[in-house]
Structures are given as C-alpha cells and as structure tokens.
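Report on one structure; see the data block that follows.
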Amino acid sequence: MTTHPPFLATLQEDLRAARDHDPAARSLLEVALGYPGVHAVWVYRLAHRMWQVPALRLAARLLSQATRSATGVEIHPGAVLGRRLFIDHGMGVVVGETAVVGDDVVLFHGATLGGTSMRHGKRHPTLGDRVVVGAGAKVLGPVWVGDDARIGANAVVIRDVPPDSTAVGVPATVRRRPAPVPPFVAEVDDPAIYI
Ligand SMILES: CC(C)(COP(=O)(O)OP(=O)(O)OC[C@H]1O[C@@H](n2cnc3c(N)ncnc32)[C@H](O)[C@@H]1OP(=O)(O)O)[C@@H](O)C(=O)NCCC(=O)NCCS
C-alpha cells in the first residue's frame, strides 16, 4: 500500500477510480452525484481521520452509521482502506473494524469483509492491491487475499487466497492459480570453459 496524498486529492482519486472502473459511468459529475459507494468511501475517509483522535471515536462511529443509512454501505471507521477503492452499487457492503484493504480494490454490492469471532484484536480480512470481491461474497476472519486475486460472486472465503488467483464457491476454493514462474537460470560465464 502506498502513502496517502492530501485529503482532497484522495477524494478526487476515488472519484476517478469509480469512473474508470464502471463502463456505465459517463462523467465525473454523474459519479459524484449518483454513486453511493463513492459517497460511502468519501465519508469513511473523514471518519477514519476522526477515529485517530480518541475523543472523536464516538462521533466517527455515528457518522459511519448515518452514512450506512444513506448509502447501504457500512464501513467501520477503524478499518484501513487503501487508495482508489471502488464500491460498485454500494448496497449491502460491510467492512469490519480490523479489515485492511490495499489500493485499487473493487467491492461489489453485498461484499462482506467480516469477522468470525467476537474477540478483540485482528479478526477481519486483509486484502492486497487490485483485489476484486464479487457481489454477495463474504470474506471472513483474519484471512489474507493476495494482490490481483478475484473472489467470485457469492463465494464464502475462510482461508487465505494466493495472489493472482480466482476463488469461487462455498467454502471458496481456488479455481485458477497463477501461472508458475519459470525457474531462474543464472547466465553466468564460467571462466573455466575458456581455459
Ligand atoms: C469468479 C470470476 C471473477 C471468474 O471469472 P472468469 O475468470 O471469467 O472465470 P470463468 O467464468 O471462466 O469461470 C471459471 C470457473 O469458475 C466457475 N465460476 C465462475 N464464477 C463463479 C461463481 N461466482 N461461483 C461459483 N463458480 C464460479 C465457472 O463455472 C468455471 O468453472 P469450470 O472451470 O468448472 O468451468 C467471475 O465469475 C465472478 O464471479 N466475478 C464477480 C463479478 C460480479 O460480482 N459482478 C457483479 C456485477 S453487478
């Protein structure tokens, strides 16, 4: 995950990410006015800043809940979300308190980054960069989803998913693994062959 640019620039990036990911989006104005997933991410960015100040944590939670009522997207202000997150369609998305999400991630409606235990501490997933979580998919527990992985619609992920792979089904299994990397063969001239 990269460092964050100034606040307004981050919001502009979120806007452009939505326009770039959604072929149905015709203009930035349309996205800014009509995309609840973008509104939810924008408010999260403010609520997350408030969350860093202990005295503002209750206000951050209430802001997050008010946004849930308006957008159908519930993002806990303690979650750590990367840049250019796009939540398509919005409704029904839940992101838990200890979830970590990389850059350029797409979550479709109904995606849940949830916990499986009531204990404090890390209990929600960690998603790498450029992960896509399909509609209705649940990623549960402190599992890790590697960069460029894709989670199929309605999958239930309860184990780690390797980078560059596709996981589908209940419970999710990896259907398409990354192509194996050919073994590295060092081209080193052995001086002995010239003797
Ligand atoms: C998982 C996904 C990314 C795979 O896409 P893909 O690489 O094109 O893969 P394919 O369609 O070739 O499917 C590969 C295999 O997974 C299966 N599969 C694909 N999506 C699946 C799903 N959501 N649940 C269960 N199985 C699925 C296919 O049947 C196929 O099985 P097979 O190898 O036995 O024939 C895609 O199907 C998906 O679910 N994307 C989510 C998109 C979404 O939520 N859109 C909402 C828009 S509103």
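Chain identifiers are assigned as A, B, and so on, following the order in which chains appear in the structure tokens; residues are numbered from 1 within each chain, and ligands are numbered from 1 in order of appearance.
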Near range 148-164 of chain A, counting only C-alpha atoms, which residues have an atom at most 9 Å away, once you skip same-chain residues fewer than 6 positions from it, shown as a PyMOL selection string? chain A and resi 105+108+110-111+127-142+170-174+176-179
Contact residues around Asp103 in chain A with only C-alpha atoms at 8 Å, ignoring same-chain residues under 3 positions, as a PDB file with C-alpha atoms, in the first residue's frame:
```pdb
ATOM      1  CA  MET A   1       0.000   0.000   0.000  1.00  0.00           C
ATOM      2  CA  THR A   2       1.320   3.460  -0.835  1.00  0.00           C
ATOM      3  CA  LEU A  81      -8.645   1.234   3.300  1.00  0.00           C
ATOM      4  CA  GLY A  82      -6.188   1.942   0.517  1.00  0.00           C
ATOM      5  CA  ARG A  83      -6.375   4.450  -2.293  1.00  0.00           C
ATOM      6  CA  ARG A  84      -8.856   4.409  -5.182  1.00  0.00           C
ATOM      7  CA  LEU A  85     -11.277   1.940  -3.579  1.00  0.00           C
ATOM      8  CA  GLY A 128      -3.924  -6.902  -1.233  1.00  0.00           C
ATOM      9  CA  ASP A 129      -3.813  -4.454  -4.115  1.00  0.00           C
ATOM     10  CA  ARG A 130      -6.180  -4.744  -7.110  1.00  0.00           C
TER      11      ARG A 130
END
```
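Nearest-residue note for ligand 1: choosing from A:Ala79, A:Val73, A:Ala24, A:Val95, the minimum distance belongs to A:Ala24, counting only C-alpha atoms and all ligand atoms.
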Would you mind writing down, as a ChimeraX atom specification, each residue of chain A that DSSP on the backbone assigns to strand (DSSP E or B)? /A:74-75,80-81,86-88,94-95,100-101,106-108,112-114,126-127,132-133,138-140,144-145,150-151,156-157,161,166-168,173-176
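Closest approach to Gly78 in chain A among A:Ala40, A:Ala167, A:Ala18, A:Val100 is made by A:Val100 (distances from only C-alpha atoms).
Between ligand 1 and the residues A:Ser165, A:Gln12, A:Ser27, A:Ser117, the shortest atom-to-atom distance, using only C-alpha atoms and all ligand atoms, involves A:Ser165.
The space separating CA of Ala32 in chain A from atom 39 (O, counted along the ligand's line) of ligand 1 comes to 26.7 Å.
Each of A:Pro182, A:Pro23, A:Pro77, A:Gly115 was compared to ligand 1 using only C-alpha atoms and all ligand atoms, and A:Pro23 turns out to be the nearest.
For the residues A:His120, A:Thr10, A:His109, A:Arg49, ranking by smallest atom-to-atom distance to ligand 1 using only C-alpha atoms and all ligand atoms places A:His109 first.
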Write down as a PyMOL selection string the residues belonging to range 4-67 of chain A that are assigned alpha helix (DSSP H) by DSSP computed on the backbone. chain A and resi 7-21+28-34+36-51+57-67
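For Gly90 in chain A, the residues within 7 Å (counting only C-alpha atoms, excluding itself and residues fewer than 2 positions away along the chain) are Pro36, Gly37, Thr71, Gly72, Val73, Ile87, Asp88, Gly92, Val93, Phe108 and His109 of chain A.
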By how many Å are CA of Gly169 in chain A and atom 26 (N, counted along the ligand's line) of ligand 1 apart? 5.5 Å
Got a sec: who's within 6 Å of Val94 in chain A, counting only C-alpha atoms, leaving out chain neighbours fewer than 5 positions off, as number ranges by chain? A: 74-75, 112
Keeping only N, CA and C atoms, write the selected residues as a short mmCIF file (atom, residue, chain, number, x, y, z; two decimals), in the first residue's frame.
```cif
data_model
loop_
_atom_site.label_atom_id
_atom_site.label_comp_id
_atom_site.auth_asym_id
_atom_site.auth_seq_id
_atom_site.Cartn_x
_atom_site.Cartn_y
_atom_site.Cartn_z
N GLU A 74 -21.71 -0.09 5.02
CA GLU A 74 -21.22 0.12 6.38
C GLU A 74 -19.72 -0.14 6.42
N ILE A 75 -18.97 0.92 6.64
CA ILE A 75 -17.51 0.79 6.76
C ILE A 75 -17.14 1.27 8.16
N THR A 112 -18.83 -8.66 1.92
CA THR A 112 -18.61 -8.51 3.37
C THR A 112 -17.17 -8.85 3.70
#
```
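If you measure from each of A:Arg175, A:Arg16, A:His89, A:His76 to Trp51 in chain A using only C-alpha atoms, the closest one turns out to be A:His76.
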